[in-house]
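K.L.:
My structure is stored as protein_34.tsv, with TSV, C-alpha atoms.
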```tsv
chain	number	residue	atom	x	y	z
A	210	MET	CA	21.38	-164.16	71.19
A	211	THR	CA	25.07	-164.76	70.53
A	212	LYS	CA	27.94	-162.56	71.67
A	213	THR	CA	28.52	-161.45	68.08
A	214	GLN	CA	24.90	-160.34	67.78
A	215	ILE	CA	25.20	-158.35	71.01
A	216	VAL	CA	28.33	-156.60	69.72
A	217	ILE	CA	26.60	-155.85	66.40
A	218	ASP	CA	23.59	-154.36	68.18
A	219	LEU	CA	25.89	-152.31	70.39
A	220	LEU	CA	27.79	-150.96	67.38
A	221	LEU	CA	24.54	-150.05	65.65
A	222	ALA	CA	23.29	-148.31	68.80
A	223	ILE	CA	26.52	-146.30	69.15
A	224	GLY	CA	26.28	-145.24	65.52
A	225	VAL	CA	22.64	-144.24	65.74
A	226	VAL	CA	23.05	-142.33	69.02
A	227	SER	CA	26.08	-140.51	67.61
A	228	THR	CA	24.12	-139.44	64.54
A	229	VAL	CA	21.05	-138.38	66.51
A	230	LEU	CA	23.11	-136.23	68.89
A	231	SER	CA	25.06	-134.66	66.02
A	232	SER	CA	21.89	-133.89	64.15
A	233	LEU	CA	20.32	-132.21	67.17
A	234	ALA	CA	23.53	-130.29	67.89
A	235	LEU	CA	23.57	-129.13	64.29
A	236	LEU	CA	20.12	-127.68	64.80
A	237	LEU	CA	20.90	-126.04	68.15
A	238	ARG	CA	24.18	-124.39	67.18
A	239	LYS	CA	23.96	-121.05	65.42
A	240	ASP	CA	27.51	-120.51	64.20
A	241	LEU	CA	28.50	-122.05	60.86
A	242	TYR	CA	31.91	-123.20	62.03
A	243	GLU	CA	30.42	-124.85	65.10
A	244	ARG	CA	27.89	-126.59	62.88
A	245	LEU	CA	30.66	-127.91	60.66
A	246	GLN	CA	32.14	-129.71	63.68
A	247	TYR	CA	29.01	-131.82	63.97
A	248	LEU	CA	29.34	-133.24	60.47
A	249	PHE	CA	32.24	-135.33	61.67
A	250	PRO	CA	30.62	-137.80	64.16
A	251	PRO	CA	28.25	-139.33	61.57
A	252	ALA	CA	30.99	-139.41	58.94
A	253	THR	CA	33.55	-141.02	61.25
A	254	VAL	CA	32.18	-142.71	64.38
A	255	THR	CA	28.91	-143.87	62.84
A	256	ILE	CA	30.31	-145.17	59.58
A	257	ILE	CA	33.14	-147.00	61.37
A	258	CYS	CA	30.64	-148.61	63.76
A	259	PHE	CA	28.29	-149.61	60.94
A	260	THR	CA	31.13	-151.02	58.83
A	261	ALA	CA	32.44	-152.98	61.81
A	262	ALA	CA	28.93	-154.32	62.37
A	263	VAL	CA	28.59	-155.38	58.73
A	264	ILE	CA	31.99	-157.09	58.76
A	265	LEU	CA	31.16	-158.87	62.02
A	266	ASP	CA	27.90	-160.07	60.49
A	267	LYS	CA	29.02	-160.97	56.98
A	268	HIS	CA	32.83	-161.02	57.28
A	269	LEU	CA	34.75	-159.83	54.22
A	270	SER	CA	32.09	-160.89	51.75
A	271	GLN	CA	30.62	-158.69	49.03
A	272	ALA	CA	28.74	-156.69	51.67
A	273	GLY	CA	31.78	-156.29	53.90
A	274	ILE	CA	33.99	-155.05	51.07
A	275	LYS	CA	31.37	-152.60	49.85
A	276	ALA	CA	30.85	-151.32	53.40
A	277	LEU	CA	34.62	-150.81	53.64
A	278	LEU	CA	34.59	-148.89	50.35
A	279	ILE	CA	31.75	-146.68	51.57
A	280	MET	CA	33.66	-146.06	54.80
A	281	ILE	CA	36.82	-145.04	52.93
A	282	VAL	CA	34.90	-142.70	50.62
A	283	MET	CA	33.07	-141.08	53.51
A	284	LEU	CA	36.14	-140.71	55.73
A	285	ALA	CA	38.22	-139.11	52.98
A	286	GLY	CA	35.41	-137.23	51.27
A	287	ASN	CA	33.92	-135.63	54.34
A	288	ALA	CA	37.28	-134.27	55.49
A	289	VAL	CA	37.86	-132.63	52.10
A	290	LEU	CA	34.29	-131.36	51.88
A	291	THR	CA	34.32	-129.85	55.37
A	292	HIS	CA	37.58	-128.08	54.63
A	293	ALA	CA	36.19	-126.76	51.35
A	294	THR	CA	33.05	-125.52	53.10
A	295	ALA	CA	35.03	-123.72	55.81
A	296	ARG	CA	37.26	-122.22	53.14
A	297	ALA	CA	34.25	-121.00	51.15
A	298	ALA	CA	32.69	-119.50	54.28
A	299	ARG	CA	35.89	-117.66	55.15
A	300	ILE	CA	36.34	-116.33	51.62
A	301	ARG	CA	32.74	-115.12	51.62
A	302	GLN	CA	33.30	-113.47	55.01
A	303	PHE	CA	36.73	-111.90	54.49
A	304	GLY	CA	37.22	-111.92	50.74
A	305	ARG	CA	40.37	-114.01	51.02
A	306	TRP	CA	41.57	-117.38	52.28
A	307	LEU	CA	45.03	-116.59	53.62
A	308	PRO	CA	45.10	-114.66	56.90
A	309	ASP	CA	46.18	-111.06	56.88
A	310	ALA	CA	49.13	-110.11	59.08
A	311	THR	CA	46.87	-107.63	60.84
A	312	GLU	CA	44.29	-110.23	61.84
A	313	VAL	CA	44.03	-111.13	65.50
A	314	ARG	CA	42.01	-113.86	67.16
A	315	GLY	CA	40.65	-112.02	70.15
A	316	ILE	CA	41.38	-109.46	72.81
A	317	ASN	CA	44.22	-111.30	74.54
A	318	ASP	CA	45.31	-113.61	71.74
A	319	GLU	CA	47.92	-112.09	69.49
A	320	SER	CA	48.24	-114.98	67.06
A	321	ASN	CA	47.75	-113.84	63.49
A	322	ALA	CA	45.32	-116.41	62.11
A	323	GLY	CA	41.96	-117.87	62.94
A	324	LEU	CA	38.38	-118.18	61.86
A	325	ASN	CA	37.06	-115.79	64.50
A	326	SER	CA	39.51	-113.12	63.47
A	327	ARG	CA	38.45	-109.80	62.02
A	328	PRO	CA	40.31	-107.62	59.57
A	329	ILE	CA	41.87	-104.69	61.39
A	330	VAL	CA	40.42	-102.28	58.84
A	331	ASP	CA	36.93	-103.13	60.10
A	332	SER	CA	38.00	-102.62	63.71
A	333	ALA	CA	39.54	-99.27	62.84
A	334	GLU	CA	36.28	-98.14	61.27
A	335	GLU	CA	34.41	-98.83	64.48
A	336	GLN	CA	36.76	-96.71	66.56
A	337	PRO	CA	35.59	-93.10	67.22
B	247	MET	CA	11.95	-156.00	61.69
B	248	ASN	CA	15.58	-156.48	62.65
B	249	ALA	CA	18.11	-154.15	64.34
B	250	TRP	CA	19.39	-152.91	60.97
B	251	LEU	CA	15.99	-151.73	59.83
B	252	ILE	CA	15.20	-150.17	63.21
B	253	SER	CA	18.50	-148.27	63.06
B	254	ALA	CA	17.76	-147.12	59.51
B	255	THR	CA	14.32	-145.90	60.56
B	256	VAL	CA	15.73	-143.93	63.48
B	257	LEU	CA	18.39	-142.45	61.19
B	258	LEU	CA	15.73	-141.28	58.77
B	259	PHE	CA	14.20	-139.15	61.54
B	260	THR	CA	17.52	-137.37	61.97
B	261	LEU	CA	16.96	-135.97	58.49
B	262	ILE	CA	14.40	-133.59	60.01
B	263	PRO	CA	16.91	-131.28	61.78
B	264	ALA	CA	19.13	-131.34	58.68
B	265	GLY	CA	16.10	-130.44	56.57
B	266	ILE	CA	15.16	-127.57	58.89
B	267	ILE	CA	18.66	-126.11	58.52
B	268	ALA	CA	18.64	-126.67	54.77
B	269	PHE	CA	15.36	-124.75	54.44
B	270	ARG	CA	16.38	-121.65	56.39
B	271	GLY	CA	19.42	-119.53	57.11
B	272	ASP	CA	21.94	-118.21	54.62
B	273	ALA	CA	23.58	-120.10	51.77
B	274	MET	CA	26.42	-121.57	53.81
B	275	ASP	CA	24.12	-122.84	56.56
B	276	ARG	CA	21.99	-124.51	53.92
B	277	ILE	CA	25.05	-126.20	52.47
B	278	VAL	CA	25.90	-127.64	55.89
B	279	GLY	CA	22.35	-128.97	56.24
B	280	LEU	CA	22.61	-130.51	52.80
B	281	GLN	CA	25.90	-132.20	53.66
B	282	MET	CA	24.45	-133.62	56.87
B	283	ALA	CA	21.44	-134.93	54.94
B	284	ALA	CA	23.74	-136.56	52.38
B	285	ILE	CA	25.73	-138.33	55.10
B	286	ILE	CA	22.58	-139.57	56.84
B	287	THR	CA	21.09	-140.76	53.54
B	288	THR	CA	24.20	-142.77	52.72
B	289	LEU	CA	24.22	-144.36	56.16
B	290	SER	CA	20.51	-145.17	55.94
B	291	LEU	CA	20.88	-146.74	52.50
B	292	MET	CA	23.70	-148.90	53.79
B	293	LEU	CA	21.61	-150.10	56.74
B	294	LEU	CA	18.55	-150.69	54.55
B	295	ALA	CA	20.61	-152.76	52.10
B	296	HIS	CA	21.83	-154.93	54.93
B	297	GLY	CA	18.46	-155.05	56.68
B	298	PHE	CA	16.67	-156.27	53.56
B	299	GLN	CA	19.54	-158.67	52.76
B	300	ARG	CA	19.90	-157.18	49.28
B	301	MET	CA	23.65	-156.95	48.80
B	302	PRO	CA	23.50	-155.22	45.39
B	303	PHE	CA	21.71	-152.33	47.13
B	304	TYR	CA	25.05	-151.47	48.74
B	305	ASP	CA	25.97	-150.02	45.34
B	306	ILE	CA	23.31	-147.33	45.84
B	307	ALA	CA	24.87	-146.32	49.15
B	308	LEU	CA	28.31	-146.29	47.53
B	309	ALA	CA	27.04	-144.18	44.64
B	310	SER	CA	25.37	-141.82	47.12
B	311	ALA	CA	28.63	-141.41	49.05
B	312	LEU	CA	30.61	-140.70	45.88
B	313	LEU	CA	28.07	-138.37	44.31
B	314	SER	CA	27.39	-136.40	47.48
B	315	PHE	CA	31.12	-135.78	47.79
B	316	GLY	CA	31.51	-134.61	44.19
B	317	GLY	CA	28.27	-132.66	44.18
B	318	GLY	CA	28.99	-130.99	47.50
B	319	LEU	CA	32.44	-129.95	46.37
B	320	VAL	CA	31.11	-128.38	43.18
B	321	PHE	CA	28.29	-126.66	45.08
B	322	VAL	CA	30.67	-125.22	47.69
B	323	ARG	CA	33.06	-124.01	45.00
B	324	PHE	CA	30.20	-122.37	43.14
B	325	ILE	CA	28.95	-120.59	46.27
B	326	GLU	CA	32.48	-119.49	47.14
B	327	ARG	CA	33.00	-117.79	43.79
B	328	TRP	CA	29.69	-116.65	42.37
B	329	LEU	CA	27.03	-116.30	45.02
```
Here is the file; what I need is its structure written in the form of structure tokens.
P.N.:
Amino acid sequence: MTKTQIVIDLLLAIGVVSTVLSSLALLLRKDLYERLQYLFPPATVTIICFTAAVILDKHLSQAGIKALLIMIVMLAGNAVLTHATARAARIRQFGRWLPDATEVRGINDESNAGLNSRPIVDSAEEQP
Amino acid sequence: MNAWLISATVLLFTLIPAGIIAFRGDAMDRIVGLQMAAIITTLSLMLLAHGFQRMPFYDIALASALLSFGGGLVFVRFIERWL
């Protein structure tokens, strides 16, 4: 077994382990925004490892160039898609995308934006 | 069976958690499961193409990556506005 083959196997193993862990984490997490975080390892770490493995094996041949193309599409596409999903979830939750000036993150955090924020109108309704 | 095919086989099993999420929960959770499944499918197709030494099969993985991006974006937009 050559050094190149060892590196290829290592890259494949890193990619597979990253995807397996992300997939399990996706199942174990209950919050949507936490789940969205776990879409990134397979779409970044894994695809970079696999593309590097293909290029090490076949160099910049037809396979290497196509693997690079797939990597570029996945890197760019997943970022856009994750943002769009988070945006859709927030709009479904709050009815708007832009944060309201009355929104607060938590008890001690006075910043006026954030996904865990709640509209102050809802908080006011809960008060006696 | 080489390392590429073994990796692809293991990746296919990671579709199970994504499938479980896609079959339960609310609409947004299902979308996330679908997106994860699309990513895993693209990666598996890429590994299978290399494992079987069929370079034209890379086109299927590329098409899967492109279509899952476009389809996911349309789906998310639809859910954001109408569901």
K.L.:
Counting all atoms listed in the file, which of A:Leu277, A:Ala285, A:Met210, A:Ala297 gets nearest to chain B?
P.N.:
A:Ala297
K.L.:
Sorted by chain and rising residue number, which residues of chain B lie within 9 Å of chain A, and what are their closest atom pairs and distances in Å to one decimal, counting all atoms listed in the file, as JSON lines?
P.N.:
```
{"residue": "B:Ala249", "atom": "CA", "partner": "A:Asp218", "partner_atom": "CA", "distance": 6.7}
{"residue": "B:Trp250", "atom": "CA", "partner": "A:Leu221", "partner_atom": "CA", "distance": 7.5}
{"residue": "B:Ser253", "atom": "CA", "partner": "A:Val225", "partner_atom": "CA", "distance": 6.4}
{"residue": "B:Ala254", "atom": "CA", "partner": "A:Val225", "partner_atom": "CA", "distance": 8.4}
{"residue": "B:Val256", "atom": "CA", "partner": "A:Val225", "partner_atom": "CA", "distance": 7.3}
{"residue": "B:Leu257", "atom": "CA", "partner": "A:Val225", "partner_atom": "CA", "distance": 6.5}
{"residue": "B:Phe259", "atom": "CA", "partner": "A:Val229", "partner_atom": "CA", "distance": 8.5}
{"residue": "B:Thr260", "atom": "CA", "partner": "A:Val229", "partner_atom": "CA", "distance": 5.8}
{"residue": "B:Leu261", "atom": "CA", "partner": "A:Ser232", "partner_atom": "CA", "distance": 7.8}
{"residue": "B:Ile262", "atom": "CA", "partner": "A:Ser232", "partner_atom": "CA", "distance": 8.6}
{"residue": "B:Pro263", "atom": "CA", "partner": "A:Leu236", "partner_atom": "CA", "distance": 5.7}
{"residue": "B:Ala264", "atom": "CA", "partner": "A:Ser232", "partner_atom": "CA", "distance": 6.6}
{"residue": "B:Ile266", "atom": "CA", "partner": "A:Leu236", "partner_atom": "CA", "distance": 7.7}
{"residue": "B:Ile267", "atom": "CA", "partner": "A:Leu236", "partner_atom": "CA", "distance": 6.6}
{"residue": "B:Met274", "atom": "CA", "partner": "A:Ala298", "partner_atom": "CA", "distance": 6.6}
{"residue": "B:Asp275", "atom": "CA", "partner": "A:Leu241", "partner_atom": "CA", "distance": 6.2}
{"residue": "B:Ile277", "atom": "CA", "partner": "A:Thr294", "partner_atom": "CA", "distance": 8.1}
{"residue": "B:Val278", "atom": "CA", "partner": "A:Leu245", "partner_atom": "CA", "distance": 6.7}
{"residue": "B:Gly279", "atom": "CA", "partner": "A:Leu235", "partner_atom": "CA", "distance": 8.1}
{"residue": "B:Gln281", "atom": "CA", "partner": "A:Leu248", "partner_atom": "CA", "distance": 7.7}
{"residue": "B:Met282", "atom": "CA", "partner": "A:Leu248", "partner_atom": "CA", "distance": 6.1}
{"residue": "B:Ile285", "atom": "CA", "partner": "A:Ala252", "partner_atom": "CA", "distance": 6.6}
{"residue": "B:Ile286", "atom": "CA", "partner": "A:Pro251", "partner_atom": "CA", "distance": 7.4}
{"residue": "B:Thr288", "atom": "CA", "partner": "A:Ile279", "partner_atom": "CA", "distance": 8.6}
{"residue": "B:Leu289", "atom": "CA", "partner": "A:Ile256", "partner_atom": "CA", "distance": 7.0}
{"residue": "B:Met292", "atom": "CA", "partner": "A:Ala276", "partner_atom": "CA", "distance": 7.6}
{"residue": "B:Leu293", "atom": "CA", "partner": "A:Phe259", "partner_atom": "CA", "distance": 7.9}
{"residue": "B:His296", "atom": "CA", "partner": "A:Val263", "partner_atom": "CA", "distance": 7.8}
{"residue": "B:Met301", "atom": "CA", "partner": "A:Ala272", "partner_atom": "CA", "distance": 5.8}
{"residue": "B:Pro302", "atom": "CA", "partner": "A:Ala272", "partner_atom": "CA", "distance": 8.3}
{"residue": "B:Tyr304", "atom": "CA", "partner": "A:Lys275", "partner_atom": "CA", "distance": 6.5}
{"residue": "B:Asp305", "atom": "CA", "partner": "A:Lys275", "partner_atom": "CA", "distance": 7.5}
{"residue": "B:Ala307", "atom": "CA", "partner": "A:Ile279", "partner_atom": "CA", "distance": 7.3}
{"residue": "B:Leu308", "atom": "CA", "partner": "A:Ile279", "partner_atom": "CA", "distance": 5.3}
{"residue": "B:Ala309", "atom": "CA", "partner": "A:Ile279", "partner_atom": "CA", "distance": 8.7}
{"residue": "B:Ala311", "atom": "CA", "partner": "A:Met283", "partner_atom": "CA", "distance": 6.3}
{"residue": "B:Leu312", "atom": "CA", "partner": "A:Val282", "partner_atom": "CA", "distance": 6.7}
{"residue": "B:Ser314", "atom": "CA", "partner": "A:Gly286", "partner_atom": "CA", "distance": 8.9}
{"residue": "B:Phe315", "atom": "CA", "partner": "A:Gly286", "partner_atom": "CA", "distance": 5.7}
{"residue": "B:Gly316", "atom": "CA", "partner": "A:Gly286", "partner_atom": "CA", "distance": 8.5}
{"residue": "B:Gly318", "atom": "CA", "partner": "A:Leu290", "partner_atom": "CA", "distance": 6.9}
{"residue": "B:Leu319", "atom": "CA", "partner": "A:Leu290", "partner_atom": "CA", "distance": 6.0}
{"residue": "B:Val322", "atom": "CA", "partner": "A:Thr294", "partner_atom": "CA", "distance": 5.9}
{"residue": "B:Arg323", "atom": "CA", "partner": "A:Ala297", "partner_atom": "CA", "distance": 6.9}
{"residue": "B:Ile325", "atom": "CA", "partner": "A:Ala297", "partner_atom": "CA", "distance": 7.2}
{"residue": "B:Glu326", "atom": "CA", "partner": "A:Ala297", "partner_atom": "CA", "distance": 4.6}
{"residue": "B:Arg327", "atom": "CA", "partner": "A:Ala297", "partner_atom": "CA", "distance": 8.1}
{"residue": "B:Leu329", "atom": "CA", "partner": "A:Arg301", "partner_atom": "CA", "distance": 8.8}
```
K.L.:
One decimal, in Å: what's the spacing between atom CA of Ile215 of chain A and atom CA of Cys258 of chain A?
P.N.:
13.3 Å
K.L.:
One number please: atom CA of Ala295 of chain B to atom CA of Leu220 of chain A, in Å, one decimal.
P.N.:
17.0 Å
K.L.:
Quick one: pull the distance between atom CA of Ile223 of chain A and atom CA of Pro250 of chain A, Å, one decimal.
P.N.:
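According to the coordinates, atom CA of Ile223 of chain A and atom CA of Pro250 of chain A are separated by 10.7 Å.
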K.L.:
If you keep N, CA and C atoms, can you output segment 285-313 of chain B as a PDB file, in the first residue's frame?
P.N.:
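The file below, decode_24.pdb, is the result:
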```pdb
ATOM      1  N   ILE B 285     -27.839  15.680   0.265  1.00  0.00           N
ATOM      2  CA  ILE B 285     -26.375  15.793   0.369  1.00  0.00           C
ATOM      3  C   ILE B 285     -25.737  14.408   0.387  1.00  0.00           C
ATOM      4  N   ILE B 286     -26.306  13.515   1.213  1.00  0.00           N
ATOM      5  CA  ILE B 286     -25.735  12.164   1.334  1.00  0.00           C
ATOM      6  C   ILE B 286     -25.843  11.419   0.004  1.00  0.00           C
ATOM      7  N   THR B 287     -26.959  11.596  -0.690  1.00  0.00           N
ATOM      8  CA  THR B 287     -27.133  10.922  -1.983  1.00  0.00           C
ATOM      9  C   THR B 287     -26.083  11.385  -2.984  1.00  0.00           C
ATOM     10  N   THR B 288     -25.843  12.682  -3.025  1.00  0.00           N
ATOM     11  CA  THR B 288     -24.836  13.208  -3.956  1.00  0.00           C
ATOM     12  C   THR B 288     -23.449  12.641  -3.638  1.00  0.00           C
ATOM     13  N   LEU B 289     -23.127  12.626  -2.343  1.00  0.00           N
ATOM     14  CA  LEU B 289     -21.816  12.095  -1.943  1.00  0.00           C
ATOM     15  C   LEU B 289     -21.700  10.608  -2.296  1.00  0.00           C
ATOM     16  N   SER B 290     -22.782   9.867  -2.043  1.00  0.00           N
ATOM     17  CA  SER B 290     -22.749   8.426  -2.339  1.00  0.00           C
ATOM     18  C   SER B 290     -22.601   8.170  -3.836  1.00  0.00           C
ATOM     19  N   LEU B 291     -23.316   8.956  -4.642  1.00  0.00           N
ATOM     20  CA  LEU B 291     -23.219   8.776  -6.101  1.00  0.00           C
ATOM     21  C   LEU B 291     -21.804   9.049  -6.597  1.00  0.00           C
ATOM     22  N   MET B 292     -21.194  10.059  -5.984  1.00  0.00           N
ATOM     23  CA  MET B 292     -19.812  10.394  -6.372  1.00  0.00           C
ATOM     24  C   MET B 292     -18.862   9.240  -6.032  1.00  0.00           C
ATOM     25  N   LEU B 293     -19.031   8.689  -4.832  1.00  0.00           N
ATOM     26  CA  LEU B 293     -18.162   7.569  -4.431  1.00  0.00           C
ATOM     27  C   LEU B 293     -18.430   6.324  -5.272  1.00  0.00           C
ATOM     28  N   LEU B 294     -19.698   6.079  -5.582  1.00  0.00           N
ATOM     29  CA  LEU B 294     -20.031   4.901  -6.397  1.00  0.00           C
ATOM     30  C   LEU B 294     -19.446   5.027  -7.797  1.00  0.00           C
ATOM     31  N   ALA B 295     -19.521   6.246  -8.360  1.00  0.00           N
ATOM     32  CA  ALA B 295     -18.952   6.462  -9.696  1.00  0.00           C
ATOM     33  C   ALA B 295     -17.465   6.163  -9.701  1.00  0.00           C
ATOM     34  N   HIS B 296     -16.793   6.610  -8.647  1.00  0.00           N
ATOM     35  CA  HIS B 296     -15.349   6.355  -8.585  1.00  0.00           C
ATOM     36  C   HIS B 296     -15.059   4.887  -8.276  1.00  0.00           C
ATOM     37  N   GLY B 297     -15.866   4.317  -7.371  1.00  0.00           N
ATOM     38  CA  GLY B 297     -15.642   2.922  -6.987  1.00  0.00           C
ATOM     39  C   GLY B 297     -15.822   1.956  -8.129  1.00  0.00           C
ATOM     40  N   PHE B 298     -16.795   2.221  -8.995  1.00  0.00           N
ATOM     41  CA  PHE B 298     -17.035   1.352 -10.156  1.00  0.00           C
ATOM     42  C   PHE B 298     -16.203   1.752 -11.369  1.00  0.00           C
ATOM     43  N   GLN B 299     -15.384   2.794 -11.201  1.00  0.00           N
ATOM     44  CA  GLN B 299     -14.521   3.277 -12.302  1.00  0.00           C
ATOM     45  C   GLN B 299     -15.327   3.672 -13.534  1.00  0.00           C
ATOM     46  N   ARG B 300     -16.503   4.229 -13.313  1.00  0.00           N
ATOM     47  CA  ARG B 300     -17.337   4.707 -14.424  1.00  0.00           C
ATOM     48  C   ARG B 300     -17.369   6.236 -14.345  1.00  0.00           C
ATOM     49  N   MET B 301     -16.439   6.860 -15.044  1.00  0.00           N
ATOM     50  CA  MET B 301     -16.320   8.314 -14.926  1.00  0.00           C
ATOM     51  C   MET B 301     -17.559   9.080 -15.411  1.00  0.00           C
ATOM     52  N   PRO B 302     -18.275   8.606 -16.435  1.00  0.00           N
ATOM     53  CA  PRO B 302     -19.479   9.350 -16.827  1.00  0.00           C
ATOM     54  C   PRO B 302     -20.537   9.388 -15.727  1.00  0.00           C
ATOM     55  N   PHE B 303     -20.473   8.449 -14.768  1.00  0.00           N
ATOM     56  CA  PHE B 303     -21.451   8.447 -13.683  1.00  0.00           C
ATOM     57  C   PHE B 303     -21.294   9.653 -12.758  1.00  0.00           C
ATOM     58  N   TYR B 304     -20.149  10.332 -12.866  1.00  0.00           N
ATOM     59  CA  TYR B 304     -19.977  11.561 -12.080  1.00  0.00           C
ATOM     60  C   TYR B 304     -21.024  12.595 -12.471  1.00  0.00           C
ATOM     61  N   ASP B 305     -21.483  12.511 -13.726  1.00  0.00           N
ATOM     62  CA  ASP B 305     -22.503  13.472 -14.184  1.00  0.00           C
ATOM     63  C   ASP B 305     -23.788  13.336 -13.365  1.00  0.00           C
ATOM     64  N   ILE B 306     -24.092  12.101 -12.934  1.00  0.00           N
ATOM     65  CA  ILE B 306     -25.308  11.893 -12.136  1.00  0.00           C
ATOM     66  C   ILE B 306     -25.172  12.601 -10.791  1.00  0.00           C
ATOM     67  N   ALA B 307     -23.967  12.469 -10.190  1.00  0.00           N
ATOM     68  CA  ALA B 307     -23.744  13.154  -8.914  1.00  0.00           C
ATOM     69  C   ALA B 307     -23.818  14.669  -9.094  1.00  0.00           C
ATOM     70  N   LEU B 308     -23.257  15.152 -10.197  1.00  0.00           N
ATOM     71  CA  LEU B 308     -23.295  16.598 -10.461  1.00  0.00           C
ATOM     72  C   LEU B 308     -24.733  17.075 -10.670  1.00  0.00           C
ATOM     73  N   ALA B 309     -25.490  16.294 -11.425  1.00  0.00           N
ATOM     74  CA  ALA B 309     -26.899  16.644 -11.646  1.00  0.00           C
ATOM     75  C   ALA B 309     -27.671  16.613 -10.343  1.00  0.00           C
ATOM     76  N   SER B 310     -27.370  15.626  -9.490  1.00  0.00           N
ATOM     77  CA  SER B 310     -28.036  15.532  -8.192  1.00  0.00           C
ATOM     78  C   SER B 310     -27.733  16.752  -7.335  1.00  0.00           C
ATOM     79  N   ALA B 311     -26.462  17.186  -7.341  1.00  0.00           N
ATOM     80  CA  ALA B 311     -26.078  18.368  -6.545  1.00  0.00           C
ATOM     81  C   ALA B 311     -26.816  19.604  -7.044  1.00  0.00           C
ATOM     82  N   LEU B 312     -26.860  19.776  -8.369  1.00  0.00           N
ATOM     83  CA  LEU B 312     -27.517  20.961  -8.937  1.00  0.00           C
ATOM     84  C   LEU B 312     -29.025  20.939  -8.694  1.00  0.00           C
ATOM     85  N   LEU B 313     -29.628  19.782  -8.937  1.00  0.00           N
ATOM     86  CA  LEU B 313     -31.093  19.704  -8.822  1.00  0.00           C
ATOM     87  C   LEU B 313     -31.554  19.770  -7.365  1.00  0.00           C
TER      88      LEU B 313
END
```
